[in-house]
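Enquirer: Below is start_37.cif; it holds mmCIF, C-alpha atoms and all ligand atoms.
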data_work
#
loop_
_atom_site.label_atom_id
_atom_site.label_comp_id
_atom_site.auth_asym_id
_atom_site.auth_seq_id
_atom_site.Cartn_x
_atom_site.Cartn_y
_atom_site.Cartn_z
CA MET A 1 20.71 16.74 -25.18
CA ALA A 2 19.08 20.01 -24.15
CA GLU A 3 18.12 20.35 -20.48
CA GLU A 4 14.48 21.13 -21.34
CA GLU A 5 14.06 17.69 -22.91
CA ILE A 6 14.66 16.00 -19.56
CA LYS A 7 11.52 15.16 -17.61
CA LYS A 8 12.81 14.84 -14.05
CA GLY A 9 10.98 12.08 -12.23
CA LEU A 10 9.25 11.27 -15.56
CA ASP A 11 6.78 13.96 -14.48
CA GLY A 12 3.93 14.07 -17.00
CA VAL A 13 5.44 11.39 -19.24
CA VAL A 14 3.03 8.76 -20.60
CA VAL A 15 5.07 5.58 -21.02
CA ASP A 16 2.54 2.94 -22.06
CA TYR A 17 -1.09 1.88 -22.21
CA THR A 18 -2.81 0.09 -19.36
CA ALA A 19 -6.27 -1.43 -19.07
CA VAL A 20 -5.94 -2.08 -15.34
CA SER A 21 -6.99 1.31 -13.96
CA LYS A 22 -7.62 4.89 -14.98
CA VAL A 23 -6.71 7.85 -12.80
CA ASN A 24 -8.37 11.09 -13.86
CA PRO A 25 -7.15 14.01 -11.74
CA ASP A 26 -9.50 16.49 -13.48
CA THR A 27 -12.69 14.62 -12.63
CA ASN A 28 -11.09 13.26 -9.46
CA SER A 29 -11.97 9.72 -10.41
CA LEU A 30 -10.25 6.37 -10.19
CA LEU A 31 -11.59 3.39 -12.13
CA TYR A 32 -10.45 -0.22 -11.73
CA ARG A 33 -11.18 -1.97 -15.03
CA GLY A 34 -13.86 0.68 -15.61
CA TYR A 35 -15.53 0.51 -12.17
CA PRO A 36 -15.36 3.54 -9.84
CA VAL A 37 -13.27 2.55 -6.84
CA GLN A 38 -15.86 4.07 -4.48
CA GLU A 39 -18.51 1.66 -5.80
CA LEU A 40 -16.18 -1.28 -5.44
CA ALA A 41 -15.36 -0.23 -1.85
CA ALA A 42 -19.06 0.08 -1.01
CA LYS A 43 -20.30 -3.13 -2.64
CA CYS A 44 -17.47 -5.65 -2.99
CA SER A 45 -15.14 -7.80 -0.96
CA PHE A 46 -11.41 -7.42 -1.51
CA GLU A 47 -11.39 -10.93 -3.02
CA GLU A 48 -13.86 -9.79 -5.72
CA VAL A 49 -11.69 -6.76 -6.48
CA ALA A 50 -8.55 -8.91 -6.73
CA TYR A 51 -10.37 -11.17 -9.19
CA LEU A 52 -11.48 -8.12 -11.18
CA LEU A 53 -7.97 -6.67 -11.39
CA TRP A 54 -6.53 -9.95 -12.65
CA ASN A 55 -9.34 -11.08 -14.93
CA GLY A 56 -10.86 -7.81 -16.14
CA GLU A 57 -14.39 -8.75 -14.96
CA LEU A 58 -16.09 -9.20 -11.61
CA PRO A 59 -16.54 -12.90 -10.75
CA SER A 60 -19.81 -14.80 -11.05
CA SER A 61 -20.83 -16.52 -7.81
CA GLY A 62 -19.31 -19.81 -9.05
CA GLU A 63 -16.06 -18.12 -10.06
CA LEU A 64 -15.89 -16.35 -6.71
CA ALA A 65 -16.43 -19.64 -4.84
CA ASP A 66 -13.53 -21.29 -6.72
CA PHE A 67 -11.32 -18.24 -6.27
CA THR A 68 -12.07 -17.97 -2.57
CA ALA A 69 -11.37 -21.66 -2.02
CA ARG A 70 -8.01 -21.28 -3.76
CA GLU A 71 -7.16 -18.16 -1.69
CA ARG A 72 -8.09 -19.88 1.59
CA ALA A 73 -5.94 -22.91 0.72
CA GLY A 74 -2.93 -20.63 0.22
CA ARG A 75 -3.17 -18.83 3.58
CA PRO A 76 -1.00 -20.90 5.96
CA LEU A 77 2.50 -19.60 6.62
CA ASP A 78 5.06 -21.76 4.80
CA PRO A 79 7.36 -23.22 7.53
CA VAL A 80 10.45 -22.24 5.54
CA VAL A 81 9.25 -18.64 5.18
CA LYS A 82 8.57 -18.66 8.93
CA GLN A 83 12.12 -19.88 9.62
CA VAL A 84 13.56 -17.11 7.44
CA ILE A 85 11.44 -14.49 9.21
CA ASP A 86 12.60 -15.85 12.57
CA ALA A 87 16.21 -15.36 11.42
CA LEU A 88 15.61 -11.64 10.79
CA PRO A 89 16.16 -9.25 13.69
CA THR A 90 13.10 -7.55 15.15
CA THR A 91 15.00 -4.32 14.67
CA SER A 92 14.64 -4.77 10.89
CA HIS A 93 11.84 -2.85 9.25
CA PRO A 94 8.73 -4.99 8.57
CA MET A 95 8.99 -3.93 4.92
CA ASP A 96 12.37 -5.71 4.81
CA VAL A 97 10.59 -8.78 6.17
CA CYS A 98 7.90 -8.56 3.47
CA ARG A 99 10.50 -8.07 0.75
CA THR A 100 12.53 -11.04 1.99
CA ALA A 101 9.43 -13.24 2.32
CA ALA A 102 8.34 -12.44 -1.26
CA SER A 103 11.80 -13.35 -2.49
CA VAL A 104 11.86 -16.66 -0.56
CA MET A 105 8.38 -17.52 -1.86
CA GLY A 106 9.69 -16.97 -5.39
CA ALA A 107 12.72 -19.19 -4.93
CA ARG A 108 10.52 -21.95 -3.47
CA HIS A 109 7.68 -21.74 -5.99
CA SER A 110 7.08 -24.94 -7.95
CA LEU A 111 6.57 -22.86 -11.12
CA ALA A 112 9.51 -20.51 -10.42
CA GLU A 113 10.87 -20.44 -13.97
CA ASP A 114 7.53 -20.80 -15.77
CA SER A 115 6.41 -17.45 -17.17
CA SER A 116 3.18 -18.60 -18.82
CA ARG A 117 0.01 -16.62 -18.05
CA GLU A 118 -1.34 -19.60 -16.02
CA ALA A 119 1.85 -19.85 -13.95
CA ASN A 120 1.93 -16.11 -13.29
CA MET A 121 -1.73 -16.11 -12.28
CA ALA A 122 -0.98 -18.95 -9.83
CA LYS A 123 2.02 -17.06 -8.43
CA ALA A 124 -0.01 -13.86 -8.04
CA LEU A 125 -2.75 -15.72 -6.18
CA ASP A 126 -0.21 -17.47 -3.95
CA LEU A 127 1.41 -14.15 -2.98
CA PHE A 128 -1.99 -12.56 -2.35
CA ALA A 129 -3.09 -15.50 -0.18
CA ALA A 130 0.16 -15.82 1.77
CA MET A 131 1.18 -12.22 2.51
CA PRO A 132 -1.34 -11.66 5.36
CA ALA A 133 0.24 -14.54 7.32
CA VAL A 134 3.68 -12.93 6.86
CA VAL A 135 2.49 -9.54 8.11
CA ALA A 136 0.43 -11.01 10.97
CA TYR A 137 3.22 -13.30 12.13
CA ASP A 138 5.78 -10.49 11.96
CA GLN A 139 3.71 -8.25 14.23
CA ARG A 140 3.11 -11.13 16.66
CA ARG A 141 6.79 -12.07 16.87
CA ARG A 142 7.75 -8.45 17.57
CA HIS A 143 5.26 -8.40 20.44
CA ALA A 144 6.61 -11.68 21.83
CA ALA A 145 9.90 -9.91 22.73
CA GLY A 146 12.08 -13.00 22.33
CA ARG A 147 9.64 -15.54 23.77
CA PRO A 148 8.51 -18.32 21.39
CA VAL A 149 5.56 -17.25 19.28
CA GLU A 150 3.23 -19.46 17.36
CA PRO A 151 1.37 -18.05 14.38
CA VAL A 152 -2.41 -17.91 14.74
CA GLU A 153 -3.64 -20.41 12.17
CA PRO A 154 -5.86 -19.00 9.41
CA ARG A 155 -9.60 -19.66 9.57
CA ASP A 156 -11.38 -21.05 6.54
CA ASP A 157 -14.73 -19.68 7.69
CA LEU A 158 -13.54 -16.06 7.48
CA GLY A 159 -13.13 -13.81 4.44
CA TYR A 160 -9.77 -12.24 3.56
CA SER A 161 -10.10 -9.14 5.75
CA ALA A 162 -11.63 -10.87 8.79
CA ASN A 163 -8.99 -13.59 8.61
CA PHE A 164 -6.15 -11.04 8.31
CA LEU A 165 -7.32 -9.36 11.53
CA TRP A 166 -7.83 -12.76 13.21
CA MET A 167 -4.28 -13.91 12.37
CA THR A 168 -2.79 -10.64 13.62
CA PHE A 169 -4.69 -10.21 16.88
CA GLY A 170 -5.86 -13.75 17.68
CA GLU A 171 -9.43 -12.62 18.17
CA GLU A 172 -12.33 -12.11 15.82
CA ALA A 173 -12.83 -8.48 14.78
CA VAL A 174 -16.31 -6.95 14.86
CA ALA A 175 -18.07 -6.34 11.53
CA GLU A 176 -17.43 -2.55 11.43
CA VAL A 177 -13.69 -3.05 11.81
CA VAL A 178 -13.61 -5.79 9.17
CA GLU A 179 -15.54 -3.48 6.84
CA ALA A 180 -13.12 -0.56 7.34
CA PHE A 181 -10.16 -2.87 6.74
CA ASN A 182 -11.80 -4.26 3.59
CA VAL A 183 -12.33 -0.70 2.31
CA SER A 184 -8.66 0.14 2.92
CA MET A 185 -7.50 -2.97 1.05
CA ILE A 186 -9.68 -2.08 -1.95
CA LEU A 187 -8.52 1.55 -2.03
CA TYR A 188 -4.85 0.58 -1.81
CA ALA A 189 -5.10 -2.15 -4.46
CA GLU A 190 -4.24 -0.27 -7.63
CA HIS A 191 -3.17 3.15 -8.90
CA SER A 192 -1.81 2.96 -12.48
CA PHE A 193 1.88 3.74 -13.09
CA ASN A 194 2.91 4.74 -9.56
CA ALA A 195 6.58 4.35 -8.56
CA SER A 196 6.41 0.76 -7.27
CA THR A 197 4.24 -0.51 -10.13
CA PHE A 198 6.55 1.12 -12.63
CA ALA A 199 9.64 -0.29 -10.87
CA GLY A 200 8.11 -3.77 -11.10
CA ARG A 201 7.12 -3.27 -14.74
CA VAL A 202 10.74 -2.36 -15.50
CA ILE A 203 11.86 -5.63 -13.88
CA MET A 204 9.18 -7.62 -15.72
CA SER A 205 10.19 -6.00 -19.03
CA THR A 206 13.58 -7.72 -18.82
CA LEU A 207 11.64 -11.05 -18.84
CA SER A 208 12.60 -11.63 -15.24
CA ASP A 209 10.06 -13.47 -13.05
CA LEU A 210 6.93 -12.28 -11.25
CA HIS A 211 8.34 -12.68 -7.72
CA SER A 212 11.42 -10.62 -8.67
CA ALA A 213 9.14 -7.85 -9.89
CA VAL A 214 7.07 -7.98 -6.68
CA THR A 215 10.23 -7.98 -4.56
CA GLY A 216 11.52 -4.89 -6.38
CA ALA A 217 8.13 -3.20 -6.10
CA ILE A 218 8.12 -3.76 -2.33
CA GLY A 219 11.51 -2.01 -2.17
CA ALA A 220 10.09 0.96 -4.08
CA LEU A 221 6.97 1.12 -1.91
CA LYS A 222 9.00 1.34 1.29
CA GLY A 223 10.08 4.94 0.72
CA PRO A 224 8.23 7.72 2.56
CA LEU A 225 7.51 9.58 -0.69
CA HIS A 226 5.43 6.54 -1.68
CA GLY A 227 3.86 3.86 0.57
CA GLY A 228 5.98 4.68 3.59
CA ALA A 229 3.89 7.83 3.98
CA ASN A 230 1.10 6.01 5.86
CA GLU A 231 3.55 5.12 8.61
CA ALA A 232 5.09 8.62 8.51
CA VAL A 233 1.63 10.13 9.13
CA MET A 234 1.47 8.30 12.44
CA HIS A 235 4.96 9.55 13.37
CA THR A 236 3.62 13.08 12.84
CA PHE A 237 0.66 12.35 15.14
CA ASP A 238 3.09 10.91 17.71
CA GLU A 239 5.35 13.94 17.44
CA ILE A 240 2.41 16.27 18.06
CA GLY A 241 1.38 13.96 20.90
CA ILE A 242 -1.69 11.70 21.08
CA ARG A 243 -3.65 12.59 24.23
CA PRO A 244 -6.80 10.45 24.48
CA GLU A 245 -8.14 12.64 27.31
CA GLU A 246 -8.08 15.74 25.12
CA SER A 247 -11.12 17.22 23.32
CA LEU A 248 -11.35 17.37 19.55
CA GLU A 249 -10.89 21.18 19.61
CA GLU A 250 -7.82 21.10 21.87
CA ALA A 251 -6.15 18.47 19.67
CA ALA A 252 -7.00 20.44 16.51
CA ASP A 253 -5.42 23.61 17.94
CA ARG A 254 -2.17 21.84 18.81
CA ALA A 255 -2.08 20.18 15.38
CA LYS A 256 -2.58 23.53 13.62
CA THR A 257 0.29 25.07 15.55
CA TRP A 258 2.50 22.09 14.73
CA MET A 259 1.69 22.38 11.02
CA GLU A 260 2.34 26.13 10.94
CA ASN A 261 5.77 25.56 12.50
CA ALA A 262 6.56 22.66 10.16
CA LEU A 263 5.67 24.71 7.09
CA ALA A 264 7.61 27.72 8.37
CA GLN A 265 10.64 25.39 8.51
CA LYS A 266 9.84 24.26 4.92
CA LYS A 267 9.26 20.68 6.03
CA LYS A 268 7.51 18.18 3.79
CA VAL A 269 4.61 16.79 5.73
CA MET A 270 3.89 13.18 4.85
CA GLY A 271 0.36 12.22 3.85
CA PHE A 272 -0.16 15.43 1.88
CA GLY A 273 0.29 16.10 -1.82
CA HIS A 274 0.35 13.84 -4.84
CA ARG A 275 2.21 13.71 -8.13
CA VAL A 276 -0.97 13.21 -10.15
CA TYR A 277 -3.85 14.61 -8.07
CA LYS A 278 -3.48 18.33 -7.52
CA HIS A 279 -7.03 19.00 -6.24
CA GLY A 280 -7.36 16.11 -3.80
CA ASP A 281 -6.95 12.34 -3.92
CA SER A 282 -10.08 10.56 -5.23
CA ARG A 283 -9.70 7.83 -2.58
CA VAL A 284 -9.58 10.10 0.46
CA PRO A 285 -13.34 10.71 1.05
CA THR A 286 -14.04 6.94 1.16
CA MET A 287 -11.10 6.24 3.47
CA LYS A 288 -11.95 9.25 5.64
CA ALA A 289 -15.50 7.88 6.06
CA ALA A 290 -13.98 4.58 7.22
CA LEU A 291 -11.70 6.47 9.62
CA ASP A 292 -14.69 8.40 11.01
CA LYS A 293 -16.44 5.10 11.73
CA MET A 294 -13.35 3.76 13.50
CA ILE A 295 -12.99 6.97 15.55
CA ALA A 296 -16.63 6.58 16.65
CA HIS A 297 -16.21 2.84 17.26
CA TYR A 298 -13.11 3.22 19.44
CA GLY A 299 -14.30 6.52 20.99
CA ARG A 300 -11.21 8.57 20.08
CA PRO A 301 -12.37 12.06 18.97
CA GLU A 302 -8.99 13.59 19.77
CA LEU A 303 -7.53 11.73 16.77
CA LEU A 304 -10.09 13.46 14.56
CA GLY A 305 -8.96 16.74 16.12
CA LEU A 306 -5.34 16.06 15.10
CA TYR A 307 -6.53 15.01 11.64
CA ASN A 308 -8.69 18.12 11.12
CA GLY A 309 -6.11 20.51 12.54
CA LEU A 310 -3.32 19.36 10.23
CA GLU A 311 -5.59 19.19 7.20
CA SER A 312 -7.06 22.67 7.61
CA ALA A 313 -3.71 24.31 8.43
CA MET A 314 -2.11 22.74 5.33
CA ASP A 315 -5.04 23.78 3.17
CA GLU A 316 -4.96 27.37 4.45
CA ALA A 317 -1.19 27.72 4.07
CA LYS A 318 -0.52 25.88 0.80
CA GLY A 319 -3.79 24.52 -0.59
CA ILE A 320 -2.26 21.02 -0.57
CA LYS A 321 -4.76 18.20 0.08
CA PRO A 322 -4.30 14.89 1.91
CA ASN A 323 -3.57 11.67 0.02
CA LEU A 324 -4.86 8.16 0.85
CA ASP A 325 -2.07 7.55 3.38
CA TYR A 326 -3.37 10.35 5.57
CA PRO A 327 -6.67 8.74 6.70
CA ALA A 328 -5.26 5.20 6.34
CA GLY A 329 -2.50 5.73 8.95
CA PRO A 330 -4.76 6.57 11.94
CA THR A 331 -7.30 3.94 10.83
CA TYR A 332 -4.68 1.18 11.09
CA HIS A 333 -3.47 2.64 14.39
CA LEU A 334 -6.96 2.41 15.87
CA MET A 335 -7.29 -1.19 14.72
CA GLY A 336 -4.17 -2.07 16.71
CA PHE A 337 -1.52 -2.40 14.02
CA ASP A 338 1.96 -1.20 14.97
CA THR A 339 2.98 1.87 13.01
CA ASN A 340 5.77 0.13 11.13
CA MET A 341 3.24 -2.49 9.94
CA PHE A 342 1.20 0.04 7.96
CA THR A 343 3.24 -0.13 4.74
CA PRO A 344 3.24 -3.96 4.78
CA LEU A 345 -0.57 -3.73 4.84
CA PHE A 346 -0.29 -1.63 1.69
CA VAL A 347 1.91 -4.39 0.20
CA ALA A 348 -0.69 -7.05 0.99
CA SER A 349 -3.25 -5.03 -0.92
CA ARG A 350 -1.10 -3.72 -3.80
CA ILE A 351 0.15 -7.21 -4.70
CA THR A 352 -3.10 -7.45 -6.67
CA GLY A 353 -2.59 -4.32 -8.78
CA TRP A 354 1.14 -4.92 -9.17
CA THR A 355 0.75 -8.43 -10.51
CA ALA A 356 -2.10 -7.38 -12.84
CA HIS A 357 0.34 -4.83 -14.31
CA PHE A 358 3.23 -7.27 -14.51
CA MET A 359 1.13 -9.76 -16.48
CA GLU A 360 -0.06 -6.93 -18.72
CA GLN A 361 3.54 -5.83 -19.28
CA LEU A 362 4.54 -9.36 -20.31
CA ASN A 363 1.58 -9.59 -22.64
CA ALA A 364 2.76 -6.65 -24.79
CA ASN A 365 6.36 -6.38 -23.73
CA SER A 366 9.06 -3.98 -24.77
CA LEU A 367 12.22 -3.67 -22.68
CA ILE A 368 11.99 -0.46 -20.64
CA ARG A 369 15.29 1.28 -21.18
CA PRO A 370 15.26 5.09 -21.30
CA LEU A 371 18.16 7.39 -22.21
CA SER A 372 20.15 9.77 -20.07
CA ALA A 373 21.95 13.04 -20.82
CA TYR A 374 25.60 12.84 -19.79
CA ASN A 375 26.87 15.76 -17.69
CA GLY A 376 30.16 14.35 -16.35
CA PRO A 377 33.72 15.30 -17.40
CA ASP A 378 34.66 15.37 -21.09
CA GLU A 379 36.63 12.43 -22.43
CA ARG A 380 40.04 12.20 -20.72
CA HIS A 381 42.79 9.62 -20.44
CA VAL A 382 44.67 7.77 -17.70
CA PRO A 383 48.11 9.46 -17.41
N1 LIG B 401 4.33 19.02 2.50
C1 LIG B 401 4.76 20.28 2.27
N2 LIG B 401 4.92 20.79 1.04
C2 LIG B 401 4.60 20.00 -0.01
C3 LIG B 401 4.12 18.70 0.16
C4 LIG B 401 3.99 18.21 1.47
N3 LIG B 401 3.56 16.96 1.70
N4 LIG B 401 3.89 18.14 -1.05
C5 LIG B 401 4.21 19.08 -1.94
N5 LIG B 401 4.64 20.20 -1.33
C6 LIG B 401 5.09 21.43 -1.97
C7 LIG B 401 6.56 21.31 -2.29
O1 LIG B 401 7.38 21.74 -1.23
C8 LIG B 401 6.65 22.19 -3.50
O2 LIG B 401 6.62 23.52 -3.07
P1 LIG B 401 7.57 24.62 -3.75
O3 LIG B 401 7.10 24.69 -5.18
O4 LIG B 401 7.31 25.84 -2.94
O5 LIG B 401 8.96 24.09 -3.63
C9 LIG B 401 5.34 21.94 -4.23
O6 LIG B 401 4.42 21.55 -3.20
C10 LIG B 401 5.44 20.83 -5.27
O7 LIG B 401 5.93 19.65 -4.63
P2 LIG B 401 6.76 18.52 -5.34
O8 LIG B 401 7.38 17.65 -4.29
O9 LIG B 401 7.68 19.10 -6.36
O10 LIG B 401 5.62 17.79 -6.11
P3 LIG B 401 5.70 16.31 -6.62
O11 LIG B 401 4.61 16.16 -7.60
O12 LIG B 401 7.06 15.93 -7.05
O13 LIG B 401 5.44 15.54 -5.26
C11 LIG B 401 4.90 14.03 -3.63
C12 LIG B 401 4.50 14.62 -4.98
C13 LIG B 401 3.87 12.96 -3.26
C14 LIG B 401 6.28 13.40 -3.73
C15 LIG B 401 4.91 15.16 -2.57
O14 LIG B 401 3.63 15.78 -2.51
C16 LIG B 401 5.33 14.66 -1.22
O15 LIG B 401 6.53 14.52 -0.94
N6 LIG B 401 4.33 14.35 -0.33
C17 LIG B 401 4.63 13.77 0.96
C18 LIG B 401 4.84 12.27 0.83
C19 LIG B 401 3.56 11.50 0.65
O16 LIG B 401 2.59 11.72 1.34
N7 LIG B 401 3.61 10.54 -0.28
C20 LIG B 401 2.49 9.68 -0.57
C21 LIG B 401 1.98 9.97 -1.93
S1 LIG B 401 0.51 9.04 -2.29
#
Would you give me this structure, written as structure tokens?
Expert:
Amino acid sequence: MAEEEIKKGLDGVVVDYTAVSKVNPDTNSLLYRGYPVQELAAKCSFEEVAYLLWNGELPSSGELADFTARERAGRPLDPVVKQVIDALPTTSHPMDVCRTAASVMGARHSLAEDSSREANMAKALDLFAAMPAVVAYDQRRRHAAGRPVEPVEPRDDLGYSANFLWMTFGEEAVAEVVEAFNVSMILYAEHSFNASTFAGRVIMSTLSDLHSAVTGAIGALKGPLHGGANEAVMHTFDEIGIRPEESLEEAADRAKTWMENALAQKKKVMGFGHRVYKHGDSRVPTMKAALDKMIAHYGRPELLGLYNGLESAMDEAKGIKPNLDYPAGPTYHLMGFDTNMFTPLFVASRITGWTAHFMEQLNANSLIRPLSAYNGPDERHVP
């Protein structure tokens, strides 16, 4: 096979249809089931968006009430999942904890081997409802430093985002923080055939089960070229040095210098660039507005200085724009999440888009099995 026929990284290859979302890098738009993501982030709860991704339509008030009741019932941490988490070292990455929890949930699911649409919808909803307790408990046990830690029980009177923050921090978050978190969940929910979605679709195409596909997708999301970038952004901020006493301008100057040095050393700076968007990520303005509100709420202008300094230096040097992970990282930091918890937050959100794709894959399935061009030794024989 000629070298030019190989599309490294499947760059530019269209592999299938999807009705879940449409990314248009030319118009810089992202539609979930036809709705602009910015409108959804401004007007909807994450629960409504999850319903939309799975069902193709926004819920009526009755449908939303049923859906919400079902989600709230699925929130408590399964004692067996808790035991398994407790057996994992706190030195393990929280993404390994998420991946393991998803796998255990699959093995314990009453409909484990049922691949009907109804069973898969139930599994998707169960994962969506349960993952916040996994992430919240994992952060709490890491903070307990070996002392016994009890999970904070979910609250039925709180929506998804408010309850997530409640279970993590054990106190009720103010409305602005809940709103910013809700926006981040909606923006992270879905993005067509990205690496983790595609990895999961490959697994689903073998007629494996939904939890296996989610478990594989979590593995793909962990990498810093994909979801792990939101955590890597914070490592960059840490490396430059977060100095709350500093002014916005001072922080921006130090960040610019850091970026110039990094680019001179040909480093890849996480949180910048995108395989599909080449003129900026459609989700960034909405997430940046949420970050701005959090910076004002927590009174931390120096973080905006670091943000602006890196962004403008990258733009001047290479014209490369930030992706969603860039504003999401410092937003989660301000809310109080540990840096290594950022990608698990992405998991909690993306479970919705992933499972919408996996059900779509099953609905019009063809085993995904590409070809390769062999470039090893010619045929030879054992002496
Ligand atoms: N920092 C510095 N340079 C970057 C860059 C970044 N974040 N992203 C792209 N570039 C440069 C590359 O070095 C390359 O330059 P060159 O042609 O001089 O060698 C050029 O831009 C093309 O990059 P490439 O990695 O080939 O593009 P891609 O489409 O394969 O990459 C990403 C897309 C996302 C993998 C890439 O932009 C990246 O690694 N970004 C950082 C990780 C990240 O934030 N991931 C989250 C994505 S939502």
Enquirer: Please list as an mmCIF file with C-alpha atoms, in the frame of the given file every residue within 8 Å of A:Glu260, counting all atoms listed in the file and excluding residues in the same chain fewer than 2 positions away.
Expert:
data_model
loop_
_atom_site.group_PDB
_atom_site.id
_atom_site.type_symbol
_atom_site.label_atom_id
_atom_site.label_comp_id
_atom_site.auth_asym_id
_atom_site.auth_seq_id
_atom_site.Cartn_x
_atom_site.Cartn_y
_atom_site.Cartn_z
ATOM 1 C CA LYS A 256 -2.580 23.530 13.620
ATOM 2 C CA THR A 257 0.290 25.070 15.550
ATOM 3 C CA TRP A 258 2.500 22.090 14.730
ATOM 4 C CA ALA A 262 6.560 22.660 10.160
ATOM 5 C CA LEU A 263 5.670 24.710 7.090
ATOM 6 C CA ALA A 264 7.610 27.720 8.370
ATOM 7 C CA ALA A 313 -3.710 24.310 8.430
ATOM 8 C CA MET A 314 -2.110 22.740 5.330
ATOM 9 C CA ALA A 317 -1.190 27.720 4.070
#
Enquirer: Just how far from atom C15 of ligand LIG 401 (chain B) is atom CA of A:Asp292, in Å to one decimal?
Expert: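 Rounded to one decimal, the two atoms are 24.8 Å apart.
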Enquirer: Taking all atoms listed in the file into account, list the residues no farther than 9 Å from ligand LIG 401 (chain B), as number ranges by chain.
Expert: A: 9, 11, 194, 223-230, 232-233, 262-263, 266-278, 281, 314, 318, 320-326
Enquirer: Next, dump the selected residues to file, keeping only C-alpha atoms, as an mmCIF file, in the coordinates of the input.
Expert:
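After the write, selection_32.cif holds the following:
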data_model
loop_
_atom_site.group_PDB
_atom_site.id
_atom_site.type_symbol
_atom_site.label_atom_id
_atom_site.label_comp_id
_atom_site.auth_asym_id
_atom_site.auth_seq_id
_atom_site.Cartn_x
_atom_site.Cartn_y
_atom_site.Cartn_z
ATOM 1 C CA GLY A 9 10.980 12.080 -12.230
ATOM 2 C CA ASP A 11 6.780 13.960 -14.480
ATOM 3 C CA ASN A 194 2.910 4.740 -9.560
ATOM 4 C CA GLY A 223 10.080 4.940 0.720
ATOM 5 C CA PRO A 224 8.230 7.720 2.560
ATOM 6 C CA LEU A 225 7.510 9.580 -0.690
ATOM 7 C CA HIS A 226 5.430 6.540 -1.680
ATOM 8 C CA GLY A 227 3.860 3.860 0.570
ATOM 9 C CA GLY A 228 5.980 4.680 3.590
ATOM 10 C CA ALA A 229 3.890 7.830 3.980
ATOM 11 C CA ASN A 230 1.100 6.010 5.860
ATOM 12 C CA ALA A 232 5.090 8.620 8.510
ATOM 13 C CA VAL A 233 1.630 10.130 9.130
ATOM 14 C CA ALA A 262 6.560 22.660 10.160
ATOM 15 C CA LEU A 263 5.670 24.710 7.090
ATOM 16 C CA LYS A 266 9.840 24.260 4.920
ATOM 17 C CA LYS A 267 9.260 20.680 6.030
ATOM 18 C CA LYS A 268 7.510 18.180 3.790
ATOM 19 C CA VAL A 269 4.610 16.790 5.730
ATOM 20 C CA MET A 270 3.890 13.180 4.850
ATOM 21 C CA GLY A 271 0.360 12.220 3.850
ATOM 22 C CA PHE A 272 -0.160 15.430 1.880
ATOM 23 C CA GLY A 273 0.290 16.100 -1.820
ATOM 24 C CA HIS A 274 0.350 13.840 -4.840
ATOM 25 C CA ARG A 275 2.210 13.710 -8.130
ATOM 26 C CA VAL A 276 -0.970 13.210 -10.150
ATOM 27 C CA TYR A 277 -3.850 14.610 -8.070
ATOM 28 C CA LYS A 278 -3.480 18.330 -7.520
ATOM 29 C CA ASP A 281 -6.950 12.340 -3.920
ATOM 30 C CA MET A 314 -2.110 22.740 5.330
ATOM 31 C CA LYS A 318 -0.520 25.880 0.800
ATOM 32 C CA ILE A 320 -2.260 21.020 -0.570
ATOM 33 C CA LYS A 321 -4.760 18.200 0.080
ATOM 34 C CA PRO A 322 -4.300 14.890 1.910
ATOM 35 C CA ASN A 323 -3.570 11.670 0.020
ATOM 36 C CA LEU A 324 -4.860 8.160 0.850
ATOM 37 C CA ASP A 325 -2.070 7.550 3.380
ATOM 38 C CA TYR A 326 -3.370 10.350 5.570
#
Enquirer: Can you tell me how far atom CA of A:Tyr137 sits from atom CA of A:Gly106, in Å to one decimal?
Expert: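 Interatomic distance, atom CA of A:Tyr137 to atom CA of A:Gly106: 19.0 Å.
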Enquirer: What is the distance between atom CA of A:Phe46 and atom CA of A:Tyr32, in Å to one decimal?
Expert: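 So the two atoms, atom CA of A:Phe46 and atom CA of A:Tyr32, lie 12.5 Å apart.
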Enquirer: Which residues, written as a tab-separated table (two decimals) with C-alpha atoms, in the coordinates of the input, have at least one atom at most 12 Å from A:Val104, with all atoms listed in the file counted and residues fewer than 5 positions away on the same chain left out?
Expert:
chain	number	residue	atom	x	y	z
A	78	ASP	CA	5.06	-21.76	4.80
A	79	PRO	CA	7.36	-23.22	7.53
A	80	VAL	CA	10.45	-22.24	5.54
A	81	VAL	CA	9.25	-18.64	5.18
A	82	LYS	CA	8.57	-18.66	8.93
A	83	GLN	CA	12.12	-19.88	9.62
A	84	VAL	CA	13.56	-17.11	7.44
A	85	ILE	CA	11.44	-14.49	9.21
A	97	VAL	CA	10.59	-8.78	6.17
A	98	CYS	CA	7.90	-8.56	3.47
A	99	ARG	CA	10.50	-8.07	0.75
A	109	HIS	CA	7.68	-21.74	-5.99
A	112	ALA	CA	9.51	-20.51	-10.42
A	127	LEU	CA	1.41	-14.15	-2.98
A	130	ALA	CA	0.16	-15.82	1.77
A	131	MET	CA	1.18	-12.22	2.51
A	134	VAL	CA	3.68	-12.93	6.86
A	211	HIS	CA	8.34	-12.68	-7.72
A	212	SER	CA	11.42	-10.62	-8.67
A	214	VAL	CA	7.07	-7.98	-6.68
A	215	THR	CA	10.23	-7.98	-4.56
Enquirer: For A:Ser45, list every protein, DNA or RNA residue within 10 Å, evaluated using only C-alpha atoms, and leave out those in the same chain fewer than 2 positions away; present the list as a list of chain:residue names.
Expert: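 Contacts, in chain order: A:Leu40, A:Ala41, A:Ala42, A:Lys43, A:Glu47, A:Glu48, A:Val49, A:Ala50, A:Gly159, A:Tyr160, A:Ser161, A:Glu179, A:Asn182, A:Val183, A:Met185, A:Ile186.
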